[in-house]
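**Q** Provided below: work33.tsv, containing TSV, C-alpha atoms and all ligand atoms.
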chain	number	residue	atom	x	y	z
A	1	MET	CA	45.26	-70.58	-31.83
A	2	LYS	CA	47.66	-70.77	-28.91
A	3	ALA	CA	47.82	-74.53	-29.35
A	4	MET	CA	48.65	-74.12	-33.01
A	5	VAL	CA	51.48	-71.68	-32.33
A	6	LEU	CA	52.82	-74.06	-29.71
A	7	PHE	CA	52.58	-76.99	-32.09
A	8	PHE	CA	54.44	-74.97	-34.72
A	9	LEU	CA	57.20	-74.06	-32.28
A	10	VAL	CA	57.54	-77.64	-31.12
A	11	SER	CA	57.76	-79.01	-34.65
A	12	VAL	CA	60.32	-76.39	-35.67
A	13	THR	CA	62.44	-77.16	-32.62
A	14	PHE	CA	62.12	-80.86	-33.38
A	15	ASN	CA	63.15	-80.32	-36.97
A	16	PHE	CA	66.31	-78.41	-36.03
A	17	ALA	CA	67.19	-80.70	-33.15
A	18	PHE	CA	70.49	-81.24	-34.91
A	19	GLU	CA	72.04	-80.25	-38.21
A	20	PHE	CA	73.71	-82.29	-40.91
A	21	PRO	CA	77.19	-83.16	-39.61
A	22	LYS	CA	79.25	-81.78	-42.52
A	23	GLU	CA	82.41	-83.36	-41.11
A	24	TRP	CA	80.90	-86.87	-40.97
A	25	LYS	CA	83.71	-88.35	-43.07
A	26	THR	CA	86.14	-87.60	-40.23
A	27	TRP	CA	84.01	-89.44	-37.65
A	28	LYS	CA	85.32	-92.62	-36.08
A	29	SER	CA	84.56	-95.71	-38.11
A	30	THR	CA	83.41	-98.31	-35.62
A	31	ASP	CA	83.17	-102.11	-35.66
A	32	THR	CA	79.78	-103.34	-34.51
A	33	THR	CA	77.78	-106.54	-34.82
A	34	LEU	CA	76.29	-105.28	-38.07
A	35	THR	CA	79.51	-104.02	-39.66
A	36	LYS	CA	81.05	-107.40	-38.86
A	37	ILE	CA	78.21	-108.99	-40.83
A	38	GLY	CA	79.18	-106.37	-43.43
A	39	ALA	CA	75.96	-105.70	-45.29
A	40	LEU	CA	72.20	-105.71	-45.08
A	41	PRO	CA	71.09	-108.56	-47.34
A	42	ASP	CA	68.11	-108.89	-49.65
A	43	CYS	CA	64.72	-110.25	-48.58
A	44	ASP	CA	65.55	-113.88	-49.45
A	45	ALA	CA	68.52	-114.10	-47.10
A	46	ASP	CA	68.35	-116.62	-44.27
A	47	VAL	CA	68.63	-114.46	-41.17
A	48	ASP	CA	67.16	-116.93	-38.65
A	49	ALA	CA	70.44	-117.12	-36.74
A	50	LEU	CA	70.49	-113.37	-36.06
A	51	PRO	CA	68.91	-111.71	-33.01
A	52	GLU	CA	65.28	-110.71	-33.61
A	53	ILE	CA	66.01	-106.98	-33.91
A	54	TYR	CA	68.49	-107.66	-36.74
A	55	GLN	CA	65.94	-109.88	-38.51
A	56	GLU	CA	63.42	-107.06	-38.28
A	57	THR	CA	65.98	-104.58	-39.58
A	58	VAL	CA	66.56	-106.80	-42.60
A	59	PHE	CA	62.79	-107.16	-43.19
A	60	THR	CA	62.32	-103.38	-42.89
A	61	TYR	CA	65.06	-102.43	-45.35
A	62	CYS	CA	65.62	-105.38	-47.69
A	63	GLU	CA	63.24	-103.90	-50.26
A	64	VAL	CA	64.64	-100.37	-50.47
A	65	LYS	CA	67.04	-101.52	-53.16
A	66	GLU	CA	67.12	-104.51	-55.49
A	67	GLY	CA	69.49	-107.05	-53.96
A	68	GLY	CA	69.19	-105.43	-50.53
A	69	PRO	CA	70.63	-102.22	-49.09
A	70	GLY	CA	74.18	-103.60	-49.22
A	71	LYS	CA	77.33	-102.49	-47.46
A	72	VAL	CA	77.11	-100.71	-44.13
A	73	GLY	CA	79.39	-98.76	-41.85
A	74	VAL	CA	78.89	-97.19	-38.44
A	75	LEU	CA	80.40	-93.79	-37.68
A	76	VAL	CA	80.49	-92.11	-34.29
A	77	SER	CA	81.15	-88.41	-33.70
A	78	LYS	CA	84.18	-87.49	-31.61
A	79	ASP	CA	81.91	-86.04	-28.91
A	80	HIS	CA	80.10	-89.35	-28.55
A	81	THR	CA	82.77	-92.06	-28.84
A	82	GLU	CA	83.11	-92.63	-25.10
A	83	ALA	CA	79.35	-92.74	-24.54
A	84	TYR	CA	78.94	-95.11	-27.52
A	85	SER	CA	81.57	-97.55	-26.34
A	86	LYS	CA	80.05	-97.59	-22.84
A	87	ARG	CA	76.44	-97.59	-24.15
A	88	SER	CA	76.04	-95.04	-21.39
A	89	GLY	CA	72.50	-93.95	-22.28
A	90	THR	CA	73.52	-90.31	-21.71
A	91	TYR	CA	74.48	-88.40	-24.82
A	92	LYS	CA	75.54	-84.83	-25.56
A	93	ASP	CA	73.37	-82.67	-27.82
A	94	GLY	CA	74.02	-82.80	-31.55
A	95	ALA	CA	74.49	-85.35	-34.32
A	96	ALA	CA	75.98	-88.45	-32.73
A	97	PHE	CA	75.88	-91.67	-34.78
A	98	ILE	CA	75.59	-92.63	-38.43
A	99	LEU	CA	74.61	-95.90	-40.00
A	100	HIS	CA	76.14	-95.44	-43.45
A	101	LEU	CA	74.37	-97.34	-46.21
A	102	LYS	CA	77.37	-97.18	-48.51
A	103	ASP	CA	75.82	-98.56	-51.69
A	104	LEU	CA	72.74	-96.37	-51.29
A	105	LYS	CA	74.90	-93.36	-50.33
A	106	VAL	CA	72.53	-92.63	-47.49
A	107	LEU	CA	73.27	-91.68	-43.89
A	108	PHE	CA	70.88	-92.88	-41.18
A	109	THR	CA	71.67	-90.36	-38.48
A	110	THR	CA	70.86	-90.30	-34.78
A	111	GLY	CA	71.30	-87.08	-32.83
A	112	TYR	CA	70.30	-85.94	-29.37
A	113	LYS	CA	68.47	-82.99	-27.94
A	114	ASP	CA	68.25	-82.89	-24.14
A	115	ASN	CA	69.25	-86.57	-24.14
A	116	THR	CA	66.30	-87.54	-26.34
A	117	PRO	CA	67.17	-89.33	-29.58
A	118	VAL	CA	66.13	-87.76	-32.89
A	119	TYR	CA	66.38	-89.64	-36.19
A	120	LYS	CA	67.06	-88.25	-39.66
A	121	VAL	CA	68.02	-89.59	-43.05
A	122	PHE	CA	70.50	-87.61	-45.17
A	123	THR	CA	72.18	-88.07	-48.49
A	124	GLU	CA	75.98	-88.05	-48.31
A	125	GLU	CA	75.82	-84.43	-49.51
A	126	GLY	CA	73.56	-83.39	-46.66
A	127	LYS	CA	70.11	-83.29	-48.20
A	128	ASP	CA	67.52	-84.22	-45.58
A	129	ILE	CA	65.49	-87.05	-47.14
A	130	THR	CA	63.67	-88.15	-43.99
A	131	ALA	CA	60.29	-89.37	-45.23
A	132	LYS	CA	56.87	-88.70	-43.71
A	133	SER	CA	56.05	-92.41	-43.69
A	134	GLY	CA	57.56	-95.74	-44.68
A	135	PRO	CA	61.01	-97.20	-44.01
A	136	LEU	CA	62.80	-93.84	-44.24
A	137	SER	CA	60.53	-92.06	-41.78
A	138	ALA	CA	61.58	-91.07	-38.27
A	139	ASN	CA	58.62	-93.02	-36.89
A	140	THR	CA	60.01	-96.25	-38.30
A	141	CYS	CA	63.36	-95.53	-36.66
A	142	ILE	CA	61.63	-94.80	-33.35
A	143	THR	CA	59.49	-97.95	-33.50
A	144	CYS	CA	62.59	-100.09	-33.59
A	145	HIS	CA	65.21	-98.03	-31.71
A	146	THR	CA	62.80	-97.25	-28.87
A	147	GLY	CA	60.62	-100.36	-29.25
A	148	TYR	CA	63.44	-102.76	-28.43
A	149	ARG	CA	64.04	-101.33	-24.98
A	150	ASN	CA	65.93	-104.36	-23.78
A	151	PHE	CA	68.26	-104.19	-26.73
A	152	CYS	CA	68.72	-100.50	-27.46
A	153	LYS	CA	69.86	-97.98	-24.88
A	154	ASN	CA	68.22	-94.56	-25.24
A	155	GLY	CA	68.37	-94.80	-29.04
A	156	GLN	CA	71.71	-96.59	-29.32
A	157	CYS	CA	71.14	-100.10	-30.70
A	158	GLY	CA	74.64	-101.15	-31.70
A	159	ALA	CA	77.68	-101.89	-29.60
A	160	ILE	CA	81.40	-102.09	-30.24
A	161	ALA	CA	82.13	-105.59	-31.52
A	162	LYS	CA	84.46	-107.57	-29.33
A	201	LIG	C1	63.85	-102.74	-37.28
A	201	LIG	C2	64.89	-102.12	-36.49
A	201	LIG	C3	65.54	-100.85	-36.93
A	201	LIG	C4	65.01	-99.80	-37.64
A	201	LIG	C5	63.64	-99.66	-38.23
A	201	LIG	C6	66.06	-98.79	-37.70
A	201	LIG	N1	67.17	-99.23	-37.06
A	201	LIG	FE1	68.85	-98.17	-36.75
A	201	LIG	N2	69.75	-99.83	-35.98
A	201	LIG	C7	69.13	-101.02	-35.70
A	201	LIG	C8	70.10	-101.95	-35.16
A	201	LIG	C9	69.83	-103.38	-34.72
A	201	LIG	C10	71.33	-101.27	-35.10
A	201	LIG	C11	72.67	-101.79	-34.60
A	201	LIG	C12	73.46	-102.30	-35.77
A	201	LIG	C13	74.87	-102.65	-35.39
A	201	LIG	O1	75.11	-103.73	-34.86
A	201	LIG	O2	75.74	-101.84	-35.68
A	201	LIG	C14	71.06	-99.93	-35.63
A	201	LIG	C15	72.03	-98.95	-35.73
A	201	LIG	C16	71.78	-97.64	-36.09
A	201	LIG	C17	72.74	-96.57	-36.01
A	201	LIG	C18	74.17	-96.69	-35.52
A	201	LIG	C19	74.20	-96.27	-34.04
A	201	LIG	C20	73.60	-97.30	-33.12
A	201	LIG	O3	72.43	-97.12	-32.71
A	201	LIG	O4	74.28	-98.29	-32.83
A	201	LIG	C21	72.11	-95.44	-36.44
A	201	LIG	C22	72.71	-94.05	-36.54
A	201	LIG	C23	70.77	-95.81	-36.80
A	201	LIG	N3	70.58	-97.15	-36.57
A	201	LIG	C24	69.83	-94.92	-37.27
A	201	LIG	C25	68.57	-95.30	-37.72
A	201	LIG	C26	67.64	-94.42	-38.40
A	201	LIG	C27	67.90	-92.95	-38.69
A	201	LIG	C28	66.56	-95.18	-38.71
A	201	LIG	C29	65.32	-94.76	-39.45
A	201	LIG	C30	65.48	-94.17	-40.76
A	201	LIG	C31	66.80	-96.51	-38.21
A	201	LIG	N4	68.02	-96.56	-37.63
A	201	LIG	C32	65.91	-97.57	-38.31
A	201	LIG	C33	67.81	-101.30	-35.90
A	201	LIG	C34	66.91	-100.49	-36.58
For the file at hand, write its structure as structure tokens.

**A**
Amino acid sequence: MKAMVLFFLVSVTFNFAFEFPKEWKTWKSTDTTLTKIGALPDCDADVDALPEIYQETVFTYCEVKEGGPGKVGVLVSKDHTEAYSKRSGTYKDGAAFILHLKDLKVLFTTGYKDNTPVYKVFTEEGKDITAKSGPLSANTCITCHTGYRNFCKNGQCGAIAK
């Protein structure tokens, strides 16, 4: 029983780790490797020249929409711009970064709680559509964002494009 109550508390805390950032449209639009490419292509695209993590990103998401997910943007909250540009690995609590899938009108959102990354998927209006499994699940985000330790820094995979 105790364990169940604890589990419940932990999952509730996890769920509310950060809220939908209502002001996301005012966040800083940021040029990264991916935004320079401009879009996530469909599954037939030749992505051999890209780093492995980008190839895997394409493979993971190319099927979510016919023709590929399409145009992307990266937005960074004002509280996190310095940390993002430095890839500092230390991030304030709250919603921090958005990968905006513009054609899908979906916001892949990374936030932090006690410097641990938490991943959610929102519609542009703020509906939480994070799935239990599959490409839109938090586990899929974690597999890649945490799995590529040499590439991503404490949940931050992108970098300001030079
Ligand atoms: C297979 C790998 C992969 C998966 C799965 C993945 N991402 Fe990412 N993600 C990346 C890469 C690579 C970048 C950097 C793109 C760039 O150059 O801007 C990125 C960038 C981001 C960014 C912009 C901030 C940053 O880290 O630079 C956010 C926010 C984000 N992802 C959230 C998510 C969420 C939420 C999920 C799950 C629904 C997810 N990602 C799934 C690889 C992945």

**Q** Near Lys65 in chain A, within 12 Å and counting only C-alpha atoms, which residues show up once chain neighbours fewer than 6 positions away are dropped, as a list of chain:residue names?

**A** A:Leu40, A:Pro41, A:Asp42, A:Cys43, A:Val58, A:Lys71, A:Leu101, A:Asp103, A:Leu104, A:Lys105, A:Val106, A:Pro135

**Q** Out of A:Asp48, A:Glu56, A:Asp128, A:Glu63, which residue has the shortest atom-to-atom distance to ligand LIG 201 (chain A) when counting all atoms listed in the file?

**A** A:Glu56

**Q** Counting only C-alpha atoms and all ligand atoms, which residues in chain A sit no more than 6 Å from ligand LIG 201 (chain A)? For each one, give the nearest pair of atoms and the distance in Å, sorted by chain then residue number, as a tab-separated table.

**A**
residue	atom	partner	partner_atom	distance
A:Thr32	CA	A:LIG201	O2	4.5
A:Thr33	CA	A:LIG201	O1	3.9
A:Leu34	CA	A:LIG201	O1	3.8
A:Thr35	CA	A:LIG201	O2	5.9
A:Ile53	CA	A:LIG201	C9	5.3
A:Tyr54	CA	A:LIG201	C9	4.9
A:Glu56	CA	A:LIG201	C1	4.5
A:Thr57	CA	A:LIG201	C1	3.6
A:Thr60	CA	A:LIG201	C1	5.9
A:Val74	CA	A:LIG201	C18	5.6
A:Phe97	CA	A:LIG201	C22	4.3
A:Ile98	CA	A:LIG201	C22	3.7
A:Leu99	CA	A:LIG201	C22	4.4
A:Phe108	CA	A:LIG201	C27	3.9
A:Thr109	CA	A:LIG201	C22	4.3
A:Thr110	CA	A:LIG201	C22	4.5
A:Tyr119	CA	A:LIG201	C27	4.4
A:Lys120	CA	A:LIG201	C27	4.9
A:Val121	CA	A:LIG201	C27	5.5
A:Leu136	CA	A:LIG201	C30	4.4
A:Ser137	CA	A:LIG201	C30	5.5
A:Ala138	CA	A:LIG201	C29	5.4
A:Thr140	CA	A:LIG201	C5	5.0
A:Cys141	CA	A:LIG201	C29	3.5
A:Cys144	CA	A:LIG201	C2	4.2
A:His145	CA	A:LIG201	C34	5.7
A:Gly155	CA	A:LIG201	O3	5.9
A:Gln156	CA	A:LIG201	O3	3.5
A:Cys157	CA	A:LIG201	O3	3.8
A:Gly158	CA	A:LIG201	O4	3.1
A:Ala159	CA	A:LIG201	O4	5.9

**Q** List as a list in words the protein and nucleic acid residues near Gly89 in chain A, meaning an atom at most 9 Å away when all atoms listed in the file are counted, but skip any in the same chain fewer than 4 places from it.

**A** Ala83, Tyr84, Asn115, Lys153, Asn154, Gly155 and Gln156 of chain A

**Q** Taking only C-alpha atoms into account, which of A:Lys36, A:Lys127, A:Lys92, A:Lys102 comes nearest His80 in chain A?

**A** A:Lys92

**Q** CA of Val76 in chain A and CA of Gly94 in chain A, how far apart in Å?

**A** 11.7 Å

**Q** State, in Å with one decimal place, the distance from CA of Pro117 in chain A to CA of Ala49 in chain A.

**A**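 Separation between CA of Pro117 in chain A and CA of Ala49 in chain A: 28.9 Å.
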
**Q** Calculated over only C-alpha atoms, which of the candidates A:Asn139, A:Val118, A:Gly147, A:His100 has the smallest distance to Pro69 in chain A?

**A**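 For Pro69 in chain A, the nearest of the given residues is A:His100.
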
**Q** Which is closer to Glu23 in chain A than all the others in A:Ala45, A:Glu52, A:Lys78, A:Gly111, using only C-alpha atoms?

**A**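 Result for the nearest residue to Glu23 in chain A: A:Lys78.
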
**Q** Pick out the closest residue to Asp93 in chain A from this set: A:Lys28, A:Thr116, A:Val64, A:Arg149. Count only C-alpha atoms.

**A**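 When distances to Asp93 in chain A are compared using only C-alpha atoms, the smallest one comes from A:Thr116.
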
**Q** So, with only C-alpha atoms as the atoms that count, which of A:Thr130, A:Ser29, A:Thr143, A:Gln55 lies closest to Val72 in chain A?

**A**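 Closest residue, counting only C-alpha atoms: A:Ser29.
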
**Q** Any idea what the distance is between CA of Tyr148 in chain A and CA of Ala161 in chain A?

**A**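 So the two atoms, CA of Tyr148 in chain A and CA of Ala161 in chain A, lie 19.2 Å apart.
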
**Q** Please provide as an MDAnalysis selection string all residues within 10 Å of Lys113 in chain A, with the sequence filter that same-chain residues fewer than 6 positions apart are discarded (counting all atoms listed in the file).

**A** chainID A and resid 13:14 16:18 91:95
